[in-house]
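Novice: Below is a structure I'd like to ask you about.
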Amino acid sequence: PTGGQDRAAPGGAPDDAGPSARTTVTVIIPTFNEAGNVEELLTRLAAALPAHLDCAALFVDDSTDDTPAAIERAALTCPFPVNVIHREVATGGLSGAVVEGLKAAASEWIVVMDADLQHPPSLMPELVETGRRAGADLVVASRYAGGGSHAGLSGRYRVAVSRASTLVTKGLFPSALRGISDPMSGFFAIRRSTVHANTDILKPLGYKILLELAIRCRPRAVAEVPFSFQERYAGESKSTVREGMRFLAHLVSLRTATPVARMVVFGLIGLTGFLPNLGALAALTATGLHYLPAEILANQFGVLWNFLFIDLLLFRDRRGHRHWADRLGRFALLANADLVLRIPLIALLVDGMGMAVLPATAVALLTTFVIRFVATELLVYLP
Ligand code: GDD
Ligand code: MN
């Protein structure tokens, strides 16, 4: 209702403009069936809003329930502007929704928070204030900073998973995540300039939007504010086991932005393929089968195993328009062409040089690996 309010000058007020200067902030709230939460959220946000913050809420909604109507109703009594982007296709899930909101925001600061009140709205102004005062580009509300807690994370299992995945993630990206104790947090403030310089390189996937922004946008300075993760106000968490798989794929995608990094991961996946391949080979030769047909059969186990990891993790965002069966067919064809080349090599090593079957197979697998990587990038997935 107050959409005609005066806005700060384009580009926003400088950080040292003093307490009387107004700061613009867009609060992006992704929603998927949160009808029971949005009114309470807006009420608490409004109650927490200091005079110098010029705030607007932007819901990015993928709901199938009456959340849009609930937002409209709540907006009528809300003292600041409330906007909604309703998406017909929920591309990228939670992160995809947030990125749509980031692109649409025009304020100097952007705060991202959940709709379910697990993120205390009273902390929203402090995130922006901390960023202004510290001259930071990113301010993370952290459960793991001193004074923070994850009281609302239900169950020992979820807490352990959260801790472990945080450790692994920080280990994978030590420099980009320096100074961020809670890279999995979904509650943070970021300068629009930091995001808008990088929107074209964002590849949102799954739940961890902060991870995406911290790694791909490289904010110059980061600050943290401890917070205590609350219980959900209404409704249920939308997080699923499938989300865990997406998280792994997201980590791999973030870690394999360069071809060299992709080849290393391709190799690591290939290495794990030794297990089903050699296992099947041992089982088949134990039945008395000659090692050459056993090689061919055993190879199919390795191929399928590798395809699953490569298709679901490494090349997940390069799958393009090809049907999965087409990709599997091409992948299997390449792998078996590879085997055709490998067989004479293995035969040479075994029959000509007296090498044992298993080490000869290992050597041959390694030598053909680079060719296979390049062919997979060019012929199965999108370059
Ligand atoms: N637009 C849109 N589309 N919103 C979504 C979608 C989607 O596909 N999926 C979830 N959301 C919204 C929910 O409606 C909610 O407002 C917010 O995203 C978080 O979803 P929850 O289902 O409540 O997630 P959570 O509590 O399990 O996870 C939260 O805490 C994690 C830390 O434990 C999130 O903030 C995560 O980002 C965070 O890592
Ligand atoms: Mn939640």
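FYI, nothing fancy with the structure tokens labels: chains A, B, ... in order, residues from 1 per chain, ligands from 1 as they appear.
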At a cut-off of 7 Å, can you tabulate as JSON lines every residue of chain A near ligand 2 together with its closest atom pair and the distance in Å to one decimal, using only C-alpha atoms and all ligand atoms and ordering rows by chain then number?
Specialist:
```
{"residue": "A:Asp114", "atom": "CA", "partner": "ligand 2", "partner_atom_place_in_ligand_line": "1 (Mn)", "distance": 6.5}
{"residue": "A:Asp116", "atom": "CA", "partner": "ligand 2", "partner_atom_place_in_ligand_line": "1 (Mn)", "distance": 5.6}
{"residue": "A:Gln118", "atom": "CA", "partner": "ligand 2", "partner_atom_place_in_ligand_line": "1 (Mn)", "distance": 5.8}
{"residue": "A:Arg232", "atom": "CA", "partner": "ligand 2", "partner_atom_place_in_ligand_line": "1 (Mn)", "distance": 5.9}
{"residue": "A:Ser237", "atom": "CA", "partner": "ligand 2", "partner_atom_place_in_ligand_line": "1 (Mn)", "distance": 5.2}
```
Novice: Kindly save the residues from that selection, with C-alpha atoms included, as a JSON list (two decimals), in the first residue's frame.
Specialist:
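Result file follows (out-v1.json):
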```json
[["chain", "number", "residue", "atom", "x", "y", "z"],
["A", 114, "ASP", "CA", 12.48, -18.68, 4.84],
["A", 116, "ASP", "CA", 8.27, -20.61, 8.09],
["A", 118, "GLN", "CA", 12.64, -20.64, 11.52],
["A", 232, "ARG", "CA", 8.78, -24.20, 12.21],
["A", 237, "SER", "CA", 9.52, -28.92, 5.88]]
```
Novice: Which residues are near ligand 1 - at most 9 Å, using only C-alpha atoms and all ligand atoms? Format: as a ChimeraX atom specification.
Specialist: /A:29-34,37,59-63,86-87,90-98,113-119,143,150,152-153,158-159,162,182-187,206-210,229,231-232,235-240
Novice: Tell me which protein, DNA and RNA residues are within 8 Å of Ile215 (chain A), counting only C-alpha atoms, leaving out same-chain ones fewer than 5 positions away, and put them as a ChimeraX atom specification.
Specialist: /A:173,176-177,254
Novice: Go ahead and save the picked residues with N, CA and C atoms, as a PDB file, in the first residue's frame.
Specialist:
```
ATOM      1  N   PHE A 173      35.810 -26.085  -0.185  1.00  0.00           N
ATOM      2  CA  PHE A 173      35.938 -24.694  -0.647  1.00  0.00           C
ATOM      3  C   PHE A 173      36.557 -23.816   0.435  1.00  0.00           C
ATOM      4  N   ALA A 176      36.828 -19.815  -0.541  1.00  0.00           N
ATOM      5  CA  ALA A 176      35.558 -19.108  -0.772  1.00  0.00           C
ATOM      6  C   ALA A 176      34.707 -19.049   0.491  1.00  0.00           C
ATOM      7  N   LEU A 177      34.862 -20.042   1.373  1.00  0.00           N
ATOM      8  CA  LEU A 177      33.997 -20.086   2.559  1.00  0.00           C
ATOM      9  C   LEU A 177      34.715 -19.633   3.828  1.00  0.00           C
ATOM     10  N   LEU A 254      29.607 -27.042  -8.276  1.00  0.00           N
ATOM     11  CA  LEU A 254      30.408 -25.902  -7.813  1.00  0.00           C
ATOM     12  C   LEU A 254      31.901 -26.204  -7.910  1.00  0.00           C
TER      13      LEU A 254
END
```
Novice: CA of Trp324 (chain A) and CA of Leu379 (chain A) are how many Å apart?
Specialist: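 Atom-to-atom, CA of Trp324 (chain A) to CA of Leu379 (chain A), that is 13.7 Å.
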Novice: Running DSSP on the backbone, which parts of region 60-131 of chain A land in helix (DSSP H, G or I), as a PyMOL selection string?
Specialist: chain A and resi 67-76+93-104+121-131
Novice: Those residues you just picked out, can you put them in a file as a CSV table (one decimal), in the first residue's frame with C-alpha atoms?
Specialist:
```csv
chain,number,residue,atom,x,y,z
A,67,THR,CA,-0.4,-19.3,-0.4
A,68,PRO,CA,-0.8,-16.5,-3.1
A,69,ALA,CA,-4.2,-15.6,-1.6
A,70,ALA,CA,-2.8,-15.6,1.9
A,71,ILE,CA,0.0,-13.2,0.8
A,72,GLU,CA,-2.5,-10.9,-0.9
A,73,ARG,CA,-4.6,-10.8,2.2
A,74,ALA,CA,-1.6,-10.1,4.5
A,75,ALA,CA,-0.3,-7.4,2.2
A,76,LEU,CA,-3.4,-5.3,2.7
A,93,GLY,CA,13.5,-25.4,-6.7
A,94,LEU,CA,14.2,-23.2,-3.7
A,95,SER,CA,17.5,-21.8,-5.1
A,96,GLY,CA,16.0,-21.2,-8.5
A,97,ALA,CA,13.2,-19.2,-6.8
A,98,VAL,CA,15.6,-17.1,-4.8
A,99,VAL,CA,17.7,-16.4,-8.0
A,100,GLU,CA,14.6,-15.1,-9.7
A,101,GLY,CA,14.0,-12.8,-6.8
A,102,LEU,CA,17.6,-11.6,-6.8
A,103,LYS,CA,17.4,-10.7,-10.5
A,104,ALA,CA,14.2,-8.7,-9.9
A,121,PRO,CA,12.3,-11.7,11.4
A,122,SER,CA,13.6,-9.5,14.2
A,123,LEU,CA,17.1,-10.2,13.0
A,124,MET,CA,16.6,-8.9,9.5
A,125,PRO,CA,17.5,-5.3,10.2
A,126,GLU,CA,20.6,-6.3,12.1
A,127,LEU,CA,21.9,-8.3,9.1
A,128,VAL,CA,21.8,-5.2,6.9
A,129,GLU,CA,23.1,-2.9,9.7
A,130,THR,CA,26.1,-5.2,10.3
A,131,GLY,CA,26.8,-5.2,6.5
```
